[in-house]
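Enquirer: A single structure is presented below for examination.
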Amino acid sequence: MAPTQPRPPDVADGMSDQAMAGEAVPYDLIELLFFAYRDFVGGPDLILAEYGFGRAHHRVLHFVLRRPGLTIAELLDILKITKQSLNRVLKELVETGFVEQRTGVQDKRQRHLHATPSGRDLALRLVQLQAKRINDSLRHLAPEAAETVALYLAGLIDPAERHKVETFLAAPR
C-alpha cells in the first residue's frame, strides 16, 4: 500500500491567504464585492423581472440611454457579449417598445439605437435605485472618497481595456 500524499488545503479547509502565485488573497474584499454587486443589482432585478427582463436587458438599456445613436458594433464592444446574445436581448427590447433602431444616414447597413420614452423611463427608474445606493454609501465617507473609489474601480478593469473605458467615459453624452 502506497503512502498517502498530503492533500493541499482547499477553501473548505480554510485555505491559507496565499494564492498560487504567492500573493495574499483579499477574501474580505472579494466577498464584499460579491455582496455589494448582489445588492447593487438586486433592486433593478426586481423591476426588470416585472417585464420579463434580466441584467443583459438592463445593460443594453443603460448604454443605449447614455449614448443615443450607439451602433450595434459599439454596443458589442462595450458589453463584450456575443452578437447572438445581444440580438436576442435587443429583439425583445425593440419588440416591447423600449428601444428603437434607426438606419444609419451615411451607412445604411448600420443600425443606431435609441431609447424610446418607455425605455428612457425604465432606464432612469433603474439608475435612480443604483445612484441612491452609491450616494448613500459615499455619504459616509470623506468628500474625496468618490475619486478614490473611481480609481479603485478603474483599477479592476482589464489593463488592455482601461484606455478604451476612459475614452468612453470622457466622451460627451
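Each chain in the C-alpha cells gets a letter, A, B, ..., in the order shown, and its residues are numbered from 1; ligands are numbered from 1 in order too.
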Apply DSSP to the backbone of this structure and, from stretch 6-170 of chain A, keep only the residues in helix (DSSP H, G or I); write these as a PDB file with N, CA and C atoms, in the first residue's frame.
Expert:
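Dumped to result-v3.pdb:
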ATOM      1  N   VAL A  11     -10.614  25.627  -0.045  1.00  0.00           N
ATOM      2  CA  VAL A  11     -11.381  26.660   0.634  1.00  0.00           C
ATOM      3  C   VAL A  11     -12.124  26.087   1.842  1.00  0.00           C
ATOM      4  N   ALA A  12     -12.687  24.906   1.675  1.00  0.00           N
ATOM      5  CA  ALA A  12     -13.443  24.306   2.773  1.00  0.00           C
ATOM      6  C   ALA A  12     -12.552  24.024   3.977  1.00  0.00           C
ATOM      7  N   ASP A  13     -11.261  23.826   3.724  1.00  0.00           N
ATOM      8  CA  ASP A  13     -10.323  23.564   4.817  1.00  0.00           C
ATOM      9  C   ASP A  13      -9.764  24.856   5.402  1.00  0.00           C
ATOM     10  N   TYR A  27      -9.691  37.909   0.605  1.00  0.00           N
ATOM     11  CA  TYR A  27     -11.019  37.309   0.635  1.00  0.00           C
ATOM     12  C   TYR A  27     -12.080  38.299   1.095  1.00  0.00           C
ATOM     13  N   ASP A  28     -11.726  39.131   2.078  1.00  0.00           N
ATOM     14  CA  ASP A  28     -12.720  40.076   2.581  1.00  0.00           C
ATOM     15  C   ASP A  28     -13.180  41.027   1.476  1.00  0.00           C
ATOM     16  N   LEU A  29     -12.258  41.534   0.669  1.00  0.00           N
ATOM     17  CA  LEU A  29     -12.636  42.445  -0.415  1.00  0.00           C
ATOM     18  C   LEU A  29     -13.370  41.718  -1.541  1.00  0.00           C
ATOM     19  N   ILE A  30     -12.928  40.517  -1.842  1.00  0.00           N
ATOM     20  CA  ILE A  30     -13.602  39.725  -2.878  1.00  0.00           C
ATOM     21  C   ILE A  30     -15.051  39.474  -2.461  1.00  0.00           C
ATOM     22  N   GLU A  31     -15.237  39.074  -1.229  1.00  0.00           N
ATOM     23  CA  GLU A  31     -16.585  38.771  -0.759  1.00  0.00           C
ATOM     24  C   GLU A  31     -17.422  40.038  -0.626  1.00  0.00           C
ATOM     25  N   LEU A  32     -16.819  41.134  -0.188  1.00  0.00           N
ATOM     26  CA  LEU A  32     -17.544  42.403  -0.142  1.00  0.00           C
ATOM     27  C   LEU A  32     -18.001  42.813  -1.541  1.00  0.00           C
ATOM     28  N   LEU A  33     -17.146  42.590  -2.533  1.00  0.00           N
ATOM     29  CA  LEU A  33     -17.513  42.925  -3.903  1.00  0.00           C
ATOM     30  C   LEU A  33     -18.688  42.069  -4.381  1.00  0.00           C
ATOM     31  N   PHE A  34     -18.657  40.776  -4.051  1.00  0.00           N
ATOM     32  CA  PHE A  34     -19.788  39.904  -4.406  1.00  0.00           C
ATOM     33  C   PHE A  34     -21.084  40.402  -3.764  1.00  0.00           C
ATOM     34  N   PHE A  35     -21.030  40.691  -2.460  1.00  0.00           N
ATOM     35  CA  PHE A  35     -22.238  41.148  -1.758  1.00  0.00           C
ATOM     36  C   PHE A  35     -22.691  42.516  -2.241  1.00  0.00           C
ATOM     37  N   ALA A  36     -21.740  43.418  -2.489  1.00  0.00           N
ATOM     38  CA  ALA A  36     -22.090  44.752  -2.984  1.00  0.00           C
ATOM     39  C   ALA A  36     -22.758  44.643  -4.349  1.00  0.00           C
ATOM     40  N   TYR A  37     -22.222  43.808  -5.229  1.00  0.00           N
ATOM     41  CA  TYR A  37     -22.820  43.628  -6.550  1.00  0.00           C
ATOM     42  C   TYR A  37     -24.219  43.038  -6.432  1.00  0.00           C
ATOM     43  N   ARG A  38     -24.366  42.055  -5.555  1.00  0.00           N
ATOM     44  CA  ARG A  38     -25.680  41.430  -5.352  1.00  0.00           C
ATOM     45  C   ARG A  38     -26.722  42.491  -4.998  1.00  0.00           C
ATOM     46  N   ASP A  39     -26.371  43.367  -4.078  1.00  0.00           N
ATOM     47  CA  ASP A  39     -27.324  44.375  -3.643  1.00  0.00           C
ATOM     48  C   ASP A  39     -27.445  45.533  -4.633  1.00  0.00           C
ATOM     49  N   PHE A  40     -26.366  45.842  -5.345  1.00  0.00           N
ATOM     50  CA  PHE A  40     -26.386  46.910  -6.350  1.00  0.00           C
ATOM     51  C   PHE A  40     -27.354  46.572  -7.482  1.00  0.00           C
ATOM     52  N   VAL A  41     -27.418  45.310  -7.865  1.00  0.00           N
ATOM     53  CA  VAL A  41     -28.310  44.898  -8.956  1.00  0.00           C
ATOM     54  C   VAL A  41     -29.633  44.335  -8.453  1.00  0.00           C
ATOM     55  N   GLY A  42     -29.749  44.107  -7.140  1.00  0.00           N
ATOM     56  CA  GLY A  42     -30.942  43.478  -6.586  1.00  0.00           C
ATOM     57  C   GLY A  42     -32.226  44.249  -6.835  1.00  0.00           C
ATOM     58  N   GLY A  43     -32.232  45.538  -6.528  1.00  0.00           N
ATOM     59  CA  GLY A  43     -33.423  46.361  -6.757  1.00  0.00           C
ATOM     60  C   GLY A  43     -33.804  46.405  -8.226  1.00  0.00           C
ATOM     61  N   PRO A  44     -32.851  46.729  -9.102  1.00  0.00           N
ATOM     62  CA  PRO A  44     -33.170  46.700 -10.532  1.00  0.00           C
ATOM     63  C   PRO A  44     -33.638  45.335 -11.019  1.00  0.00           C
ATOM     64  N   ASP A  45     -33.070  44.258 -10.489  1.00  0.00           N
ATOM     65  CA  ASP A  45     -33.501  42.915 -10.900  1.00  0.00           C
ATOM     66  C   ASP A  45     -34.995  42.709 -10.652  1.00  0.00           C
ATOM     67  N   LEU A  46     -35.490  43.198  -9.510  1.00  0.00           N
ATOM     68  CA  LEU A  46     -36.917  43.037  -9.184  1.00  0.00           C
ATOM     69  C   LEU A  46     -37.787  43.791 -10.182  1.00  0.00           C
ATOM     70  N   ILE A  47     -37.377  44.997 -10.541  1.00  0.00           N
ATOM     71  CA  ILE A  47     -38.137  45.790 -11.516  1.00  0.00           C
ATOM     72  C   ILE A  47     -38.073  45.130 -12.890  1.00  0.00           C
ATOM     73  N   LEU A  48     -36.892  44.704 -13.293  1.00  0.00           N
ATOM     74  CA  LEU A  48     -36.725  44.055 -14.600  1.00  0.00           C
ATOM     75  C   LEU A  48     -37.587  42.803 -14.707  1.00  0.00           C
ATOM     76  N   ALA A  49     -37.699  42.064 -13.614  1.00  0.00           N
ATOM     77  CA  ALA A  49     -38.486  40.833 -13.612  1.00  0.00           C
ATOM     78  C   ALA A  49     -39.957  41.117 -13.926  1.00  0.00           C
ATOM     79  N   GLU A  50     -40.434  42.302 -13.554  1.00  0.00           N
ATOM     80  CA  GLU A  50     -41.822  42.671 -13.867  1.00  0.00           C
ATOM     81  C   GLU A  50     -42.066  42.691 -15.376  1.00  0.00           C
ATOM     82  N   ARG A  55     -30.573  41.079 -16.449  1.00  0.00           N
ATOM     83  CA  ARG A  55     -29.452  42.028 -16.361  1.00  0.00           C
ATOM     84  C   ARG A  55     -28.909  42.433 -17.720  1.00  0.00           C
ATOM     85  N   ALA A  56     -28.968  41.548 -18.689  1.00  0.00           N
ATOM     86  CA  ALA A  56     -28.494  41.912 -20.033  1.00  0.00           C
ATOM     87  C   ALA A  56     -29.368  43.022 -20.612  1.00  0.00           C
ATOM     88  N   HIS A  57     -30.658  42.946 -20.376  1.00  0.00           N
ATOM     89  CA  HIS A  57     -31.576  43.994 -20.840  1.00  0.00           C
ATOM     90  C   HIS A  57     -31.216  45.322 -20.165  1.00  0.00           C
ATOM     91  N   HIS A  58     -30.906  45.234 -18.879  1.00  0.00           N
ATOM     92  CA  HIS A  58     -30.545  46.425 -18.114  1.00  0.00           C
ATOM     93  C   HIS A  58     -29.306  47.088 -18.710  1.00  0.00           C
ATOM     94  N   ARG A  59     -28.281  46.299 -18.967  1.00  0.00           N
ATOM     95  CA  ARG A  59     -27.035  46.860 -19.512  1.00  0.00           C
ATOM     96  C   ARG A  59     -27.279  47.508 -20.871  1.00  0.00           C
ATOM     97  N   VAL A  60     -28.035  46.835 -21.722  1.00  0.00           N
ATOM     98  CA  VAL A  60     -28.322  47.402 -23.047  1.00  0.00           C
ATOM     99  C   VAL A  60     -29.089  48.710 -22.895  1.00  0.00           C
ATOM    100  N   LEU A  61     -30.139  48.710 -22.104  1.00  0.00           N
ATOM    101  CA  LEU A  61     -30.931  49.930 -21.893  1.00  0.00           C
ATOM    102  C   LEU A  61     -30.075  51.064 -21.342  1.00  0.00           C
ATOM    103  N   HIS A  62     -29.222  50.729 -20.388  1.00  0.00           N
ATOM    104  CA  HIS A  62     -28.366  51.744 -19.778  1.00  0.00           C
ATOM    105  C   HIS A  62     -27.505  52.445 -20.826  1.00  0.00           C
ATOM    106  N   PHE A  63     -26.789  51.657 -21.613  1.00  0.00           N
ATOM    107  CA  PHE A  63     -25.864  52.263 -22.569  1.00  0.00           C
ATOM    108  C   PHE A  63     -26.579  52.903 -23.755  1.00  0.00           C
ATOM    109  N   VAL A  64     -27.711  52.380 -24.134  1.00  0.00           N
ATOM    110  CA  VAL A  64     -28.493  52.999 -25.220  1.00  0.00           C
ATOM    111  C   VAL A  64     -29.016  54.359 -24.755  1.00  0.00           C
ATOM    112  N   LEU A  65     -29.456  54.433 -23.504  1.00  0.00           N
ATOM    113  CA  LEU A  65     -29.914  55.725 -22.979  1.00  0.00           C
ATOM    114  C   LEU A  65     -28.762  56.714 -22.867  1.00  0.00           C
ATOM    115  N   ARG A  66     -27.632  56.243 -22.376  1.00  0.00           N
ATOM    116  CA  ARG A  66     -26.487  57.132 -22.150  1.00  0.00           C
ATOM    117  C   ARG A  66     -25.816  57.588 -23.443  1.00  0.00           C
ATOM    118  N   ILE A  72     -24.756  48.988 -33.114  1.00  0.00           N
ATOM    119  CA  ILE A  72     -24.695  47.608 -32.610  1.00  0.00           C
ATOM    120  C   ILE A  72     -23.235  47.224 -32.345  1.00  0.00           C
ATOM    121  N   ALA A  73     -22.341  47.562 -33.274  1.00  0.00           N
ATOM    122  CA  ALA A  73     -20.919  47.216 -33.119  1.00  0.00           C
ATOM    123  C   ALA A  73     -20.332  47.884 -31.873  1.00  0.00           C
ATOM    124  N   GLU A  74     -20.686  49.139 -31.644  1.00  0.00           N
ATOM    125  CA  GLU A  74     -20.184  49.842 -30.458  1.00  0.00           C
ATOM    126  C   GLU A  74     -20.718  49.195 -29.182  1.00  0.00           C
ATOM    127  N   LEU A  75     -21.976  48.819 -29.200  1.00  0.00           N
ATOM    128  CA  LEU A  75     -22.575  48.186 -28.026  1.00  0.00           C
ATOM    129  C   LEU A  75     -21.937  46.821 -27.751  1.00  0.00           C
ATOM    130  N   LEU A  76     -21.678  46.072 -28.795  1.00  0.00           N
ATOM    131  CA  LEU A  76     -20.997  44.778 -28.637  1.00  0.00           C
ATOM    132  C   LEU A  76     -19.625  44.973 -28.006  1.00  0.00           C
ATOM    133  N   ASP A  77     -18.926  46.005 -28.423  1.00  0.00           N
ATOM    134  CA  ASP A  77     -17.599  46.284 -27.884  1.00  0.00           C
ATOM    135  C   ASP A  77     -17.669  46.679 -26.409  1.00  0.00           C
ATOM    136  N   ILE A  78     -18.679  47.434 -26.043  1.00  0.00           N
ATOM    137  CA  ILE A  78     -18.844  47.856 -24.649  1.00  0.00           C
ATOM    138  C   ILE A  78     -19.179  46.662 -23.763  1.00  0.00           C
ATOM    139  N   LEU A  79     -20.150  45.869 -24.179  1.00  0.00           N
ATOM    140  CA  LEU A  79     -20.674  44.790 -23.341  1.00  0.00           C
ATOM    141  C   LEU A  79     -19.825  43.528 -23.358  1.00  0.00           C
ATOM    142  N   LYS A  83     -22.701  38.467 -30.475  1.00  0.00           N
ATOM    143  CA  LYS A  83     -23.742  39.084 -31.295  1.00  0.00           C
ATOM    144  C   LYS A  83     -25.064  38.347 -31.107  1.00  0.00           C
ATOM    145  N   GLN A  84     -24.995  37.038 -30.965  1.00  0.00           N
ATOM    146  CA  GLN A  84     -26.190  36.221 -30.769  1.00  0.00           C
ATOM    147  C   GLN A  84     -26.900  36.614 -29.466  1.00  0.00           C
ATOM    148  N   SER A  85     -26.141  36.791 -28.392  1.00  0.00           N
ATOM    149  CA  SER A  85     -26.729  37.198 -27.110  1.00  0.00           C
ATOM    150  C   SER A  85     -27.364  38.575 -27.224  1.00  0.00           C
ATOM    151  N   LEU A  86     -26.646  39.500 -27.843  1.00  0.00           N
ATOM    152  CA  LEU A  86     -27.180  40.853 -27.990  1.00  0.00           C
ATOM    153  C   LEU A  86     -28.435  40.841 -28.855  1.00  0.00           C
ATOM    154  N   ASN A  87     -28.428  40.097 -29.938  1.00  0.00           N
ATOM    155  CA  ASN A  87     -29.588  40.070 -30.835  1.00  0.00           C
ATOM    156  C   ASN A  87     -30.858  39.628 -30.119  1.00  0.00           C
ATOM    157  N   ARG A  88     -30.747  38.621 -29.271  1.00  0.00           N
ATOM    158  CA  ARG A  88     -31.920  38.135 -28.532  1.00  0.00           C
ATOM    159  C   ARG A  88     -32.460  39.225 -27.605  1.00  0.00           C
ATOM    160  N   VAL A  89     -31.569  39.835 -26.825  1.00  0.00           N
ATOM    161  CA  VAL A  89     -31.964  40.871 -25.871  1.00  0.00           C
ATOM    162  C   VAL A  89     -32.501  42.097 -26.603  1.00  0.00           C
ATOM    163  N   LEU A  90     -31.793  42.519 -27.632  1.00  0.00           N
ATOM    164  CA  LEU A  90     -32.197  43.707 -28.382  1.00  0.00           C
ATOM    165  C   LEU A  90     -33.551  43.491 -29.067  1.00  0.00           C
ATOM    166  N   LYS A  91     -33.748  42.306 -29.608  1.00  0.00           N
ATOM    167  CA  LYS A  91     -35.025  41.997 -30.255  1.00  0.00           C
ATOM    168  C   LYS A  91     -36.175  42.159 -29.256  1.00  0.00           C
ATOM    169  N   GLU A  92     -35.981  41.654 -28.039  1.00  0.00           N
ATOM    170  CA  GLU A  92     -37.020  41.778 -27.017  1.00  0.00           C
ATOM    171  C   GLU A  92     -37.266  43.234 -26.640  1.00  0.00           C
ATOM    172  N   LEU A  93     -36.201  44.018 -26.522  1.00  0.00           N
ATOM    173  CA  LEU A  93     -36.352  45.430 -26.165  1.00  0.00           C
ATOM    174  C   LEU A  93     -37.033  46.226 -27.277  1.00  0.00           C
ATOM    175  N   VAL A  94     -36.740  45.876 -28.512  1.00  0.00           N
ATOM    176  CA  VAL A  94     -37.376  46.552 -29.647  1.00  0.00           C
ATOM    177  C   VAL A  94     -38.847  46.149 -29.728  1.00  0.00           C
ATOM    178  N   GLU A  95     -39.107  44.841 -29.646  1.00  0.00           N
ATOM    179  CA  GLU A  95     -40.485  44.351 -29.771  1.00  0.00           C
ATOM    180  C   GLU A  95     -41.400  44.859 -28.658  1.00  0.00           C
ATOM    181  N   PRO A 117     -39.406  56.649 -25.249  1.00  0.00           N
ATOM    182  CA  PRO A 117     -39.823  57.232 -23.966  1.00  0.00           C
ATOM    183  C   PRO A 117     -40.012  56.166 -22.871  1.00  0.00           C
ATOM    184  N   SER A 118     -40.573  55.011 -23.230  1.00  0.00           N
ATOM    185  CA  SER A 118     -40.729  53.924 -22.247  1.00  0.00           C
ATOM    186  C   SER A 118     -39.376  53.388 -21.795  1.00  0.00           C
ATOM    187  N   GLY A 119     -38.465  53.235 -22.746  1.00  0.00           N
ATOM    188  CA  GLY A 119     -37.122  52.764 -22.421  1.00  0.00           C
ATOM    189  C   GLY A 119     -36.388  53.748 -21.536  1.00  0.00           C
ATOM    190  N   ARG A 120     -36.561  55.026 -21.842  1.00  0.00           N
ATOM    191  CA  ARG A 120     -35.936  56.077 -21.026  1.00  0.00           C
ATOM    192  C   ARG A 120     -36.474  56.017 -19.602  1.00  0.00           C
ATOM    193  N   ASP A 121     -37.788  55.898 -19.457  1.00  0.00           N
ATOM    194  CA  ASP A 121     -38.404  55.847 -18.130  1.00  0.00           C
ATOM    195  C   ASP A 121     -37.903  54.650 -17.328  1.00  0.00           C
ATOM    196  N   LEU A 122     -37.840  53.492 -17.965  1.00  0.00           N
ATOM    197  CA  LEU A 122     -37.372  52.300 -17.268  1.00  0.00           C
ATOM    198  C   LEU A 122     -35.900  52.429 -16.895  1.00  0.00           C
ATOM    199  N   ALA A 123     -35.073  52.864 -17.830  1.00  0.00           N
ATOM    200  CA  ALA A 123     -33.640  53.006 -17.549  1.00  0.00           C
ATOM    201  C   ALA A 123     -33.400  53.992 -16.408  1.00  0.00           C
ATOM    202  N   LEU A 124     -34.147  55.080 -16.388  1.00  0.00           N
ATOM    203  CA  LEU A 124     -33.986  56.071 -15.318  1.00  0.00           C
ATOM    204  C   LEU A 124     -34.471  55.515 -13.976  1.00  0.00           C
ATOM    205  N   ARG A 125     -35.512  54.746 -14.011  1.00  0.00           N
ATOM    206  CA  ARG A 125     -36.006  54.115 -12.783  1.00  0.00           C
ATOM    207  C   ARG A 125     -34.938  53.201 -12.178  1.00  0.00           C
ATOM    208  N   LEU A 126     -34.261  52.452 -13.045  1.00  0.00           N
ATOM    209  CA  LEU A 126     -33.217  51.531 -12.590  1.00  0.00           C
ATOM    210  C   LEU A 126     -31.994  52.277 -12.088  1.00  0.00           C
ATOM    211  N   VAL A 127     -31.563  53.287 -12.840  1.00  0.00           N
ATOM    212  CA  VAL A 127     -30.346  54.009 -12.456  1.00  0.00           C
ATOM    213  C   VAL A 127     -30.568  54.824 -11.185  1.00  0.00           C
ATOM    214  N   GLN A 128     -31.791  55.281 -10.954  1.00  0.00           N
ATOM    215  CA  GLN A 128     -32.065  56.034  -9.728  1.00  0.00           C
ATOM    216  C   GLN A 128     -31.870  55.155  -8.488  1.00  0.00           C
ATOM    217  N   LEU A 129     -32.268  53.892  -8.575  1.00  0.00           N
ATOM    218  CA  LEU A 129     -32.024  52.964  -7.460  1.00  0.00           C
ATOM    219  C   LEU A 129     -30.528  52.802  -7.209  1.00  0.00           C
ATOM    220  N   GLN A 130     -29.768  52.640  -8.288  1.00  0.00           N
ATOM    221  CA  GLN A 130     -28.335  52.427  -8.142  1.00  0.00           C
ATOM    222  C   GLN A 130     -27.623  53.703  -7.696  1.00  0.00           C
ATOM    223  N   ALA A 131     -28.057  54.850  -8.199  1.00  0.00           N
ATOM    224  CA  ALA A 131     -27.454  56.121  -7.784  1.00  0.00           C
ATOM    225  C   ALA A 131     -27.698  56.354  -6.300  1.00  0.00           C
ATOM    226  N   LYS A 132     -28.898  56.041  -5.830  1.00  0.00           N
ATOM    227  CA  LYS A 132     -29.205  56.217  -4.410  1.00  0.00           C
ATOM    228  C   LYS A 132     -28.286  55.351  -3.562  1.00  0.00           C
ATOM    229  N   ARG A 133     -28.086  54.104  -3.970  1.00  0.00           N
ATOM    230  CA  ARG A 133     -27.222  53.195  -3.208  1.00  0.00           C
ATOM    231  C   ARG A 133     -25.792  53.734  -3.171  1.00  0.00           C
ATOM    232  N   ILE A 134     -25.287  54.197  -4.303  1.00  0.00           N
ATOM    233  CA  ILE A 134     -23.920  54.728  -4.353  1.00  0.00           C
ATOM    234  C   ILE A 134     -23.816  56.004  -3.524  1.00  0.00           C
ATOM    235  N   ASN A 135     -24.756  56.919  -3.713  1.00  0.00           N
ATOM    236  CA  ASN A 135     -24.707  58.185  -2.974  1.00  0.00           C
ATOM    237  C   ASN A 135     -24.849  57.973  -1.475  1.00  0.00           C
ATOM    238  N   ASP A 136     -25.714  57.053  -1.056  1.00  0.00           N
ATOM    239  CA  ASP A 136     -25.851  56.745   0.367  1.00  0.00           C
ATOM    240  C   ASP A 136     -24.545  56.208   0.940  1.00  0.00           C
ATOM    241  N   SER A 137     -23.874  55.374   0.170  1.00  0.00           N
ATOM    242  CA  SER A 137     -22.609  54.811   0.625  1.00  0.00           C
ATOM    243  C   SER A 137     -21.522  55.884   0.700  1.00  0.00           C
ATOM    244  N   LEU A 138     -21.438  56.740  -0.310  1.00  0.00           N
ATOM    245  CA  LEU A 138     -20.419  57.799  -0.329  1.00  0.00           C
ATOM    246  C   LEU A 138     -20.652  58.829   0.768  1.00  0.00           C
ATOM    247  N   ALA A 145     -13.516  60.767  -1.246  1.00  0.00           N
ATOM    248  CA  ALA A 145     -13.603  59.311  -1.376  1.00  0.00           C
ATOM    249  C   ALA A 145     -14.132  58.863  -2.734  1.00  0.00           C
ATOM    250  N   ALA A 146     -15.029  59.635  -3.333  1.00  0.00           N
ATOM    251  CA  ALA A 146     -15.580  59.239  -4.633  1.00  0.00           C
ATOM    252  C   ALA A 146     -14.461  59.073  -5.653  1.00  0.00           C
ATOM    253  N   GLU A 147     -13.479  59.955  -5.604  1.00  0.00           N
ATOM    254  CA  GLU A 147     -12.351  59.858  -6.540  1.00  0.00           C
ATOM    255  C   GLU A 147     -11.533  58.590  -6.268  1.00  0.00           C
ATOM    256  N   THR A 148     -11.333  58.283  -4.993  1.00  0.00           N
ATOM    257  CA  THR A 148     -10.591  57.065  -4.632  1.00  0.00           C
ATOM    258  C   THR A 148     -11.355  55.825  -5.082  1.00  0.00           C
ATOM    259  N   VAL A 149     -12.657  55.818  -4.872  1.00  0.00           N
ATOM    260  CA  VAL A 149     -13.487  54.687  -5.299  1.00  0.00           C
ATOM    261  C   VAL A 149     -13.402  54.540  -6.815  1.00  0.00           C
ATOM    262  N   ALA A 150     -13.478  55.648  -7.541  1.00  0.00           N
ATOM    263  CA  ALA A 150     -13.386  55.600  -9.007  1.00  0.00           C
ATOM    264  C   ALA A 150     -12.040  55.036  -9.447  1.00  0.00           C
ATOM    265  N   LEU A 151     -10.961  55.438  -8.794  1.00  0.00           N
ATOM    266  CA  LEU A 151      -9.633  54.910  -9.131  1.00  0.00           C
ATOM    267  C   LEU A 151      -9.559  53.413  -8.844  1.00  0.00           C
ATOM    268  N   TYR A 152     -10.135  53.002  -7.732  1.00  0.00           N
ATOM    269  CA  TYR A 152     -10.149  51.591  -7.373  1.00  0.00           C
ATOM    270  C   TYR A 152     -10.916  50.775  -8.411  1.00  0.00           C
ATOM    271  N   LEU A 153     -12.113  51.249  -8.764  1.00  0.00           N
ATOM    272  CA  LEU A 153     -12.922  50.518  -9.754  1.00  0.00           C
ATOM    273  C   LEU A 153     -12.219  50.483 -11.108  1.00  0.00           C
ATOM    274  N   ALA A 154     -11.616  51.593 -11.496  1.00  0.00           N
ATOM    275  CA  ALA A 154     -10.875  51.619 -12.770  1.00  0.00           C
ATOM    276  C   ALA A 154      -9.721  50.624 -12.731  1.00  0.00           C
ATOM    277  N   GLY A 155      -9.124  50.468 -11.571  1.00  0.00           N
ATOM    278  CA  GLY A 155      -8.028  49.509 -11.426  1.00  0.00           C
ATOM    279  C   GLY A 155      -8.472  48.066 -11.578  1.00  0.00           C
ATOM    280  N   LEU A 156      -9.750  47.797 -11.383  1.00  0.00           N
ATOM    281  CA  LEU A 156     -10.273  46.439 -11.560  1.00  0.00           C
ATOM    282  C   LEU A 156     -10.508  46.094 -13.025  1.00  0.00           C
ATOM    283  N   PRO A 159      -6.339  45.844 -17.801  1.00  0.00           N
ATOM    284  CA  PRO A 159      -5.437  46.906 -18.271  1.00  0.00           C
ATOM    285  C   PRO A 159      -5.518  47.169 -19.780  1.00  0.00           C
ATOM    286  N   ALA A 160      -5.778  46.132 -20.552  1.00  0.00           N
ATOM    287  CA  ALA A 160      -5.873  46.312 -22.009  1.00  0.00           C
ATOM    288  C   ALA A 160      -7.124  47.101 -22.398  1.00  0.00           C
ATOM    289  N   GLU A 161      -8.106  47.175 -21.522  1.00  0.00           N
ATOM    290  CA  GLU A 161      -9.369  47.858 -21.804  1.00  0.00           C
ATOM    291  C   GLU A 161      -9.468  49.239 -21.152  1.00  0.00           C
ATOM    292  N   ARG A 162      -8.579  49.550 -20.213  1.00  0.00           N
ATOM    293  CA  ARG A 162      -8.713  50.784 -19.433  1.00  0.00           C
ATOM    294  C   ARG A 162      -8.759  52.043 -20.285  1.00  0.00           C
ATOM    295  N   HIS A 163      -7.872  52.152 -21.257  1.00  0.00           N
ATOM    296  CA  HIS A 163      -7.844  53.364 -22.078  1.00  0.00           C
ATOM    297  C   HIS A 163      -9.162  53.527 -22.831  1.00  0.00           C
ATOM    298  N   LYS A 164      -9.669  52.418 -23.354  1.00  0.00           N
ATOM    299  CA  LYS A 164     -10.939  52.455 -24.083  1.00  0.00           C
ATOM    300  C   LYS A 164     -12.077  52.925 -23.168  1.00  0.00           C
ATOM    301  N   VAL A 165     -12.087  52.432 -21.942  1.00  0.00           N
ATOM    302  CA  VAL A 165     -13.133  52.809 -20.982  1.00  0.00           C
ATOM    303  C   VAL A 165     -12.981  54.283 -20.601  1.00  0.00           C
ATOM    304  N   GLU A 166     -11.752  54.718 -20.351  1.00  0.00           N
ATOM    305  CA  GLU A 166     -11.517  56.136 -20.019  1.00  0.00           C
ATOM    306  C   GLU A 166     -11.988  57.043 -21.151  1.00  0.00           C
ATOM    307  N   THR A 167     -11.696  56.658 -22.384  1.00  0.00           N
ATOM    308  CA  THR A 167     -12.135  57.438 -23.553  1.00  0.00           C
ATOM    309  C   THR A 167     -13.658  57.464 -23.618  1.00  0.00           C
ATOM    310  N   PHE A 168     -14.260  56.318 -23.392  1.00  0.00           N
ATOM    311  CA  PHE A 168     -15.718  56.218 -23.413  1.00  0.00           C
ATOM    312  C   PHE A 168     -16.335  57.135 -22.354  1.00  0.00           C
ATOM    313  N   LEU A 169     -15.805  57.077 -21.145  1.00  0.00           N
ATOM    314  CA  LEU A 169     -16.360  57.877 -20.048  1.00  0.00           C
ATOM    315  C   LEU A 169     -16.151  59.366 -20.263  1.00  0.00           C
ATOM    316  N   ALA A 170     -15.085  59.731 -20.954  1.00  0.00           N
ATOM    317  CA  ALA A 170     -14.781  61.145 -21.189  1.00  0.00           C
ATOM    318  C   ALA A 170     -15.555  61.730 -22.356  1.00  0.00           C
TER     319      ALA A 170
END
Enquirer: Using atom CA of A:Pro68 and atom CA of A:Ala115 as the two end points, give the distance in Å to one decimal.
Expert: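 Distance between the two atoms: 7.2 Å.
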Enquirer: Atom CA of A:His114 and atom CA of A:Thr96 are how many Å apart?
Expert: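 Going from atom CA of A:His114 over to atom CA of A:Thr96, I get 13.6 Å.
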